[in-house]
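Have a look at the structure below, then the notes.
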Amino acid sequence: MPRKYVITLCDGPTCIHKRSKELETAIETELARHELSGRVSINLSGCLGMCAKGPVMAVNPQYTVYGNVTADDIPEIISSHILKNKPVARLCIDEDHLYNRFFRVFGDVNFFGKQMRIVLRNCGIIDPENIDDYLSVRGYEALAKVLTEMKPADVITQVKISGLRGRGGAGFPTGIKWELTARQKTDEKFLICNADEGDPGAFMDRSTIEGDPHTVLEGMIIGAYAVGATKGFIYIRAEYPLAIRRLEKAIADARREGFLGENILGSDFSFDIEIRLGAGAFVCGEETALIHSIEGHRGMPRPRPPYPSVQGLFDKPTLINNVETWANIPVIILDGAEWFSSIGTEKSKGTKVFALAGKIKNTGLIEVPMGMTLRSIIYDIGGGIPNNKKFKALQTGGPSGGCLSEDYLDTKIDYESLAAAGSIMGSGGMIVMDEDSCMVNIARFFLEFTQNESCGKCTPCREGTKRMLEILTRITEGKGQEGDIERLERLGNLIKKASLCGLGQSAPNPVLSTIKNFRSEYEDHIKLKKCRAGACTALTGYEITDKCVGCTACKKACPVGAITGNPKSLHLIDQGKCVRCGLCFDTCKFSAIKRS
Amino acid sequence: MTTPLDTIKKKRAEAINRILSKGYLSTKRVYVGMATCEIAAGSKDVMEVFESAIKKEGLTDVYLSQKGCAGRCNLEPTVEVVEEGKIPIKYGKVTREMARQIIDQHLKKGEAIKEWTIK
């Protein structure tokens, strides 16, 4: 009996264009002919990143990749590879991309198969605390290549060609930032890795560091060589003890192996990295506030320019990039800038890591090529909304981002499209909401977060967010006034324009985007004093209808004893005692409780 | 003169040898997720079960390693059993008891427990 195989067929746009659908039919026919359907499964993947040789398919185990496949080749592949375990050599493409390794283990699971892993290429397949594991997967080879074959200017050119943009959220072209720093003529330059991940529900950086700390270090060392920095800092929040421990071990191991310190790998380039712990202030993710914090001052932003690339840490030129940006660098060097720039959309290249959370079946950390639609992420990878509920909104970019309605589900992931839709790429938080989520309440939640985290330096952010929060709170409490929506819009736009740093400039986004996309919900709250999602407790009430059979389940569930009634007779809720927790509503098996 | 590329190639060869000497070519390689999220879901217990079983029961053909988080949050802790030439088996929501059964049934008898695998 032949062994089990999984055929992964690239379902990226280029391969579809090159008729990958025909292949799918051909494979199915051929498998049926050999009665192999039970032994072989077909898995449609996202872009496998080999568009030039498409249509592409991979056969697991071994992850043998076939390129330029036509429907006529399928019988040969099935009869030779699947039946006799002899890969068809003439069709094999030897594309040893760094990310392929991940799919050798996980490629047959739909959730992973649709992704493309560049940053997270080693996360989940190597031991993060063993430098040998990283070395065995071509670790530090990019650094060696740079030191052997490339001048600093060549490295910057490659990063520019790759089209990589800052993954912290703003999307500034990384190569240009490097060039600006490299151009400064001073005795000393610094380099910073921003690992101050503060968005609620986002954990991209933590997972990257915990799963593959060396890739971040390697990216930083290459960056230091390119811009001429001698000292680097990783600014990471103290709430990430395991990530810190793994980084400390990785730095110590890298020093021992000669990847950090004096004369790296026998060259005349020297560089070292230190860790700086942050106390968890959200504003310290802003680059100038972060720099102040490293210097030992209070973490507050300052006006730019001068930008850190000109005048940064200790007033020296400083190159500051996010964890995810750094982790892309070794791949760009080893797999090539042209290859990297072939992935993604016209203006956004490569992949993006997202933390998928909220009302979605498969919560998790995903990495997808730029240009994938939000719909594809939610339904193909995320598995859709649980409990047959209806999709309502998608929040991207955390407290700085916006809420998108169903109309925007076909938006492609890239910096410009998301901005045009009224949200932002941000650092990668992605929260799915269903019909039970109240948009006003969500906006209030995020604003409460940014309001708490506002450093207080500039008035628009300090006072403005406070007033916006007051208005939102009264709306959710049923005390909204006529004109509150307009007041929020005016105030929000003013804060966006007048705030000193990114925190204030983006703080109104959740409010403005929910007003734009879900205005009627705000109107319901203000005019009708109703919350259709039943999330705002002050506006929600519960009543027992005559469908009640007297099963007493609600009476037992009520935490405050507000429900009275004898078994087998109609029950009653004491509205004075009821705290509107909704437990009775969830408990009732007879739909006898009405929410209003 | 040795270039940095020569050095790294030598280092990689040494690293691979060290990994091999720890038994990487064993018939079965077991990876247990040990990132903060996995540990919070209980992976330390699972790791302990595998560690003590390998030590006490003399499972010489098993290579055990920790790994970072692959990203499947709602199915953690995750454990993979990788065998050359076979589709790697990926288990989700592994508990102490399940780890015990994976050892007895999968590692010792070679029978993967299908119901627990991630699809």
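Labels for the structure tokens follow display order: chains A, B, ..., residues from 1 in each chain, ligands from 1.
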
Within 8 Å of chain A, which residues of chain B show up? Give each one with its shortest atom-to-atom distance in Å (one decimal) and the two atoms involved, counting only C-alpha atoms, rows by chain then rising residue number, as CSV.
```
residue,atom,partner,partner_atom,distance
B:Thr3,CA,A:Thr148,CA,6.1
B:Pro4,CA,A:Ala144,CA,4.9
B:Leu5,CA,A:Ala144,CA,4.9
B:Thr7,CA,A:Leu265,CA,7.0
B:Ile8,CA,A:Glu141,CA,6.3
B:Lys9,CA,A:Glu141,CA,7.9
B:Lys11,CA,A:Leu135,CA,7.5
B:Arg12,CA,A:Leu135,CA,5.3
B:Ala13,CA,A:Ser136,CA,7.7
B:Ala15,CA,A:Asp132,CA,4.7
B:Ile16,CA,A:Ser136,CA,5.7
B:Arg18,CA,A:Asp132,CA,7.5
B:Ile19,CA,A:Asp132,CA,7.0
B:Tyr31,CA,A:Ile125,CA,7.7
B:Gly33,CA,A:Gly124,CA,7.0
B:Ala35,CA,A:Glu210,CA,5.9
B:Thr36,CA,A:Leu242,CA,6.6
B:Ser65,CA,A:Asp127,CA,6.4
B:Gln66,CA,A:Asp127,CA,5.3
B:Lys67,CA,A:Asp127,CA,4.6
B:Gly68,CA,A:Gly211,CA,3.7
B:Cys69,CA,A:Gly124,CA,4.9
B:Ala70,CA,A:Gly124,CA,4.3
B:Gly71,CA,A:Leu365,CA,4.2
B:Arg72,CA,A:Gly364,CA,4.9
B:Cys73,CA,A:Gly364,CA,4.6
B:Asn74,CA,A:Thr363,CA,5.8
B:Val82,CA,A:Val105,CA,7.7
B:Gly85,CA,A:Pro61,CA,5.8
B:Lys86,CA,A:Pro61,CA,5.6
B:Ile87,CA,A:Pro61,CA,5.1
B:Pro88,CA,A:Val105,CA,5.7
B:Ile118,CA,A:Val109,CA,7.1
B:Lys119,CA,A:Val109,CA,5.3
```

With N, CA and C atoms retained, export the selected residues as a compact mmCIF listing (two decimals), in the first residue's frame.
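Dumped to again.txt:
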```txt
# COMPACT_ATOMS: atom_id res chain seq x y z
N THR B 3 37.53 33.59 5.41
CA THR B 3 36.53 34.65 5.38
C THR B 3 35.44 34.31 6.41
N PRO B 4 34.61 35.31 6.77
CA PRO B 4 33.48 35.02 7.67
C PRO B 4 32.60 33.89 7.13
N LEU B 5 32.45 33.79 5.78
CA LEU B 5 31.62 32.71 5.22
C LEU B 5 32.22 31.34 5.49
N THR B 7 34.15 30.64 8.00
CA THR B 7 33.96 30.40 9.43
C THR B 7 32.56 29.89 9.73
N ILE B 8 31.56 30.54 9.12
CA ILE B 8 30.19 30.16 9.45
C ILE B 8 29.89 28.75 8.95
N LYS B 9 30.47 28.38 7.81
CA LYS B 9 30.21 27.03 7.30
C LYS B 9 30.79 25.99 8.25
N LYS B 11 31.29 26.48 11.46
CA LYS B 11 30.47 26.50 12.67
C LYS B 11 29.17 25.72 12.48
N ARG B 12 28.60 25.85 11.27
CA ARG B 12 27.34 25.14 11.04
C ARG B 12 27.58 23.63 11.08
N ALA B 13 28.68 23.19 10.43
CA ALA B 13 28.99 21.76 10.43
C ALA B 13 29.17 21.26 11.86
N ALA B 15 27.88 22.60 14.56
CA ALA B 15 26.58 22.65 15.25
C ALA B 15 25.75 21.43 14.88
N ILE B 16 25.74 21.10 13.58
CA ILE B 16 24.96 19.95 13.14
C ILE B 16 25.49 18.67 13.79
N ARG B 18 26.96 18.45 16.66
CA ARG B 18 26.55 18.42 18.07
C ARG B 18 25.09 17.97 18.20
N ILE B 19 24.25 18.47 17.28
CA ILE B 19 22.83 18.08 17.33
C ILE B 19 22.70 16.58 17.06
N TYR B 31 8.70 17.34 19.64
CA TYR B 31 8.86 18.76 19.94
C TYR B 31 7.69 19.23 20.81
N GLY B 33 5.91 22.49 22.63
CA GLY B 33 5.85 23.96 22.60
C GLY B 33 6.15 24.55 23.96
N ALA B 35 6.67 28.24 24.62
CA ALA B 35 6.65 29.69 24.69
C ALA B 35 5.73 30.07 25.84
N THR B 36 5.68 31.35 26.21
CA THR B 36 4.85 31.77 27.35
C THR B 36 3.42 31.24 27.22
N SER B 65 12.86 17.78 22.15
CA SER B 65 13.32 19.17 22.11
C SER B 65 12.16 20.09 22.44
N GLN B 66 12.48 21.26 22.98
CA GLN B 66 11.44 22.28 23.13
C GLN B 66 11.40 23.07 21.83
N LYS B 67 10.34 23.85 21.65
CA LYS B 67 10.23 24.70 20.47
C LYS B 67 9.45 25.95 20.85
N GLY B 68 9.49 26.94 19.98
CA GLY B 68 8.70 28.15 20.23
C GLY B 68 7.27 27.90 19.83
N CYS B 69 6.50 28.98 19.76
CA CYS B 69 5.08 28.84 19.47
C CYS B 69 4.86 28.89 17.97
N ALA B 70 4.10 27.90 17.45
CA ALA B 70 3.86 27.88 16.01
C ALA B 70 2.68 28.77 15.65
N GLY B 71 1.89 29.16 16.63
CA GLY B 71 0.82 30.11 16.38
C GLY B 71 -0.58 29.56 16.51
N ARG B 72 -0.73 28.33 16.97
CA ARG B 72 -2.06 27.75 17.06
C ARG B 72 -2.61 27.89 18.48
N CYS B 73 -2.87 29.14 18.87
CA CYS B 73 -3.20 29.48 20.26
C CYS B 73 -4.29 28.63 20.91
N ASN B 74 -5.39 28.43 20.19
CA ASN B 74 -6.51 27.76 20.85
C ASN B 74 -6.32 26.25 20.95
N VAL B 82 7.89 13.85 14.83
CA VAL B 82 8.39 13.87 13.46
C VAL B 82 9.18 12.59 13.19
N GLY B 85 10.43 10.68 6.50
CA GLY B 85 9.65 10.01 5.47
C GLY B 85 8.17 9.89 5.77
N LYS B 86 7.72 10.43 6.89
CA LYS B 86 6.29 10.38 7.18
C LYS B 86 5.78 11.79 7.41
N ILE B 87 4.48 11.99 7.19
CA ILE B 87 3.89 13.29 7.51
C ILE B 87 3.97 13.47 9.02
N PRO B 88 4.56 14.58 9.48
CA PRO B 88 4.69 14.78 10.92
C PRO B 88 3.31 14.79 11.60
N ILE B 118 -4.12 17.77 15.00
CA ILE B 118 -4.61 19.04 14.46
C ILE B 118 -4.85 18.85 12.97
N LYS B 119 -6.00 19.27 12.50
CA LYS B 119 -6.29 19.09 11.08
C LYS B 119 -6.00 20.37 10.32
```

Could you pull the residues within 12 Å of A:Thr545, counting only C-alpha atoms, minus those fewer than 6 positions along the same chain, as an mmCIF file with N, CA, C and O atoms, in the first residue's frame?
```cif
data_model
loop_
_atom_site.group_PDB
_atom_site.id
_atom_site.type_symbol
_atom_site.label_atom_id
_atom_site.label_comp_id
_atom_site.auth_asym_id
_atom_site.auth_seq_id
_atom_site.Cartn_x
_atom_site.Cartn_y
_atom_site.Cartn_z
ATOM 1 N N SER A 569 -43.844 26.897 37.115
ATOM 2 C CA SER A 569 -44.699 28.073 36.913
ATOM 3 C C SER A 569 -43.838 29.235 36.413
ATOM 4 O O SER A 569 -42.609 29.207 36.513
ATOM 5 N N LEU A 570 -44.488 30.233 35.872
ATOM 6 C CA LEU A 570 -43.798 31.369 35.258
ATOM 7 C C LEU A 570 -42.891 32.079 36.271
ATOM 8 O O LEU A 570 -43.307 32.350 37.391
ATOM 9 N N HIS A 571 -41.654 32.370 35.839
ATOM 10 C CA HIS A 571 -40.715 33.067 36.708
ATOM 11 C C HIS A 571 -40.741 34.560 36.428
ATOM 12 O O HIS A 571 -41.225 35.009 35.397
ATOM 13 N N LEU A 572 -40.140 35.332 37.351
ATOM 14 C CA LEU A 572 -40.172 36.787 37.215
ATOM 15 C C LEU A 572 -38.812 37.373 37.605
ATOM 16 O O LEU A 572 -38.181 36.901 38.554
ATOM 17 N N ILE A 573 -38.374 38.404 36.856
ATOM 18 C CA ILE A 573 -37.106 39.062 37.211
ATOM 19 C C ILE A 573 -37.415 40.355 37.967
ATOM 20 O O ILE A 573 -38.186 41.188 37.503
ATOM 21 N N PHE A 585 -30.157 34.751 30.405
ATOM 22 C CA PHE A 585 -30.389 34.714 28.963
ATOM 23 C C PHE A 585 -29.601 33.571 28.325
ATOM 24 O O PHE A 585 -30.097 32.830 27.494
ATOM 25 N N CYS A 588 -31.090 29.944 29.646
ATOM 26 C CA CYS A 588 -32.431 29.476 29.266
ATOM 27 C C CYS A 588 -32.406 28.621 28.002
ATOM 28 O O CYS A 588 -31.886 29.036 26.967
ATOM 29 N N PHE A 590 -35.166 27.497 26.591
ATOM 30 C CA PHE A 590 -36.473 27.586 25.924
ATOM 31 C C PHE A 590 -36.699 28.944 25.246
ATOM 32 O O PHE A 590 -37.825 29.273 24.889
ATOM 33 N N SER A 591 -35.632 29.726 25.094
ATOM 34 C CA SER A 591 -35.722 31.075 24.520
ATOM 35 C C SER A 591 -36.847 31.872 25.173
ATOM 36 O O SER A 591 -37.593 32.588 24.506
ATOM 37 N N ALA A 592 -36.994 31.702 26.471
ATOM 38 C CA ALA A 592 -38.104 32.359 27.154
ATOM 39 C C ALA A 592 -37.691 33.707 27.736
ATOM 40 O O ALA A 592 -38.508 34.414 28.314
ATOM 41 N N ILE A 593 -36.381 34.035 27.600
ATOM 42 C CA ILE A 593 -35.951 35.320 28.156
ATOM 43 C C ILE A 593 -35.674 36.293 27.022
ATOM 44 O O ILE A 593 -34.968 35.966 26.069
ATOM 45 N N LYS A 594 -36.259 37.452 27.124
ATOM 46 C CA LYS A 594 -36.152 38.453 26.068
ATOM 47 C C LYS A 594 -35.173 39.530 26.518
ATOM 48 O O LYS A 594 -35.232 40.000 27.658
ATOM 49 N N ARG A 595 -34.277 39.885 25.592
ATOM 50 C CA ARG A 595 -33.342 40.968 25.904
ATOM 51 C C ARG A 595 -33.839 42.220 25.206
ATOM 52 O O ARG A 595 -34.216 42.162 24.037
#
```

### Task
If you run DSSP over the backbone, which residues in stretch 347-549 of chain A end up strand (DSSP E)? Put them as a PyMOL selection string.
chain A and resi 351-358+364-369+391-396+402-404+429-434+542-544

### Task
Grab the atom CA of A:Glu248 to atom CA of A:Ile275 distance for me, in Å with one decimal place.
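The value is 7.7 Å.
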
### Task
Would you please give, as a PyMOL selection string, all residues of stretch 15-109 of chain B that DSSP assigns to alpha helix (DSSP H) based on the backbone?
chain B and resi 15-21+36-40+43-56+96-101
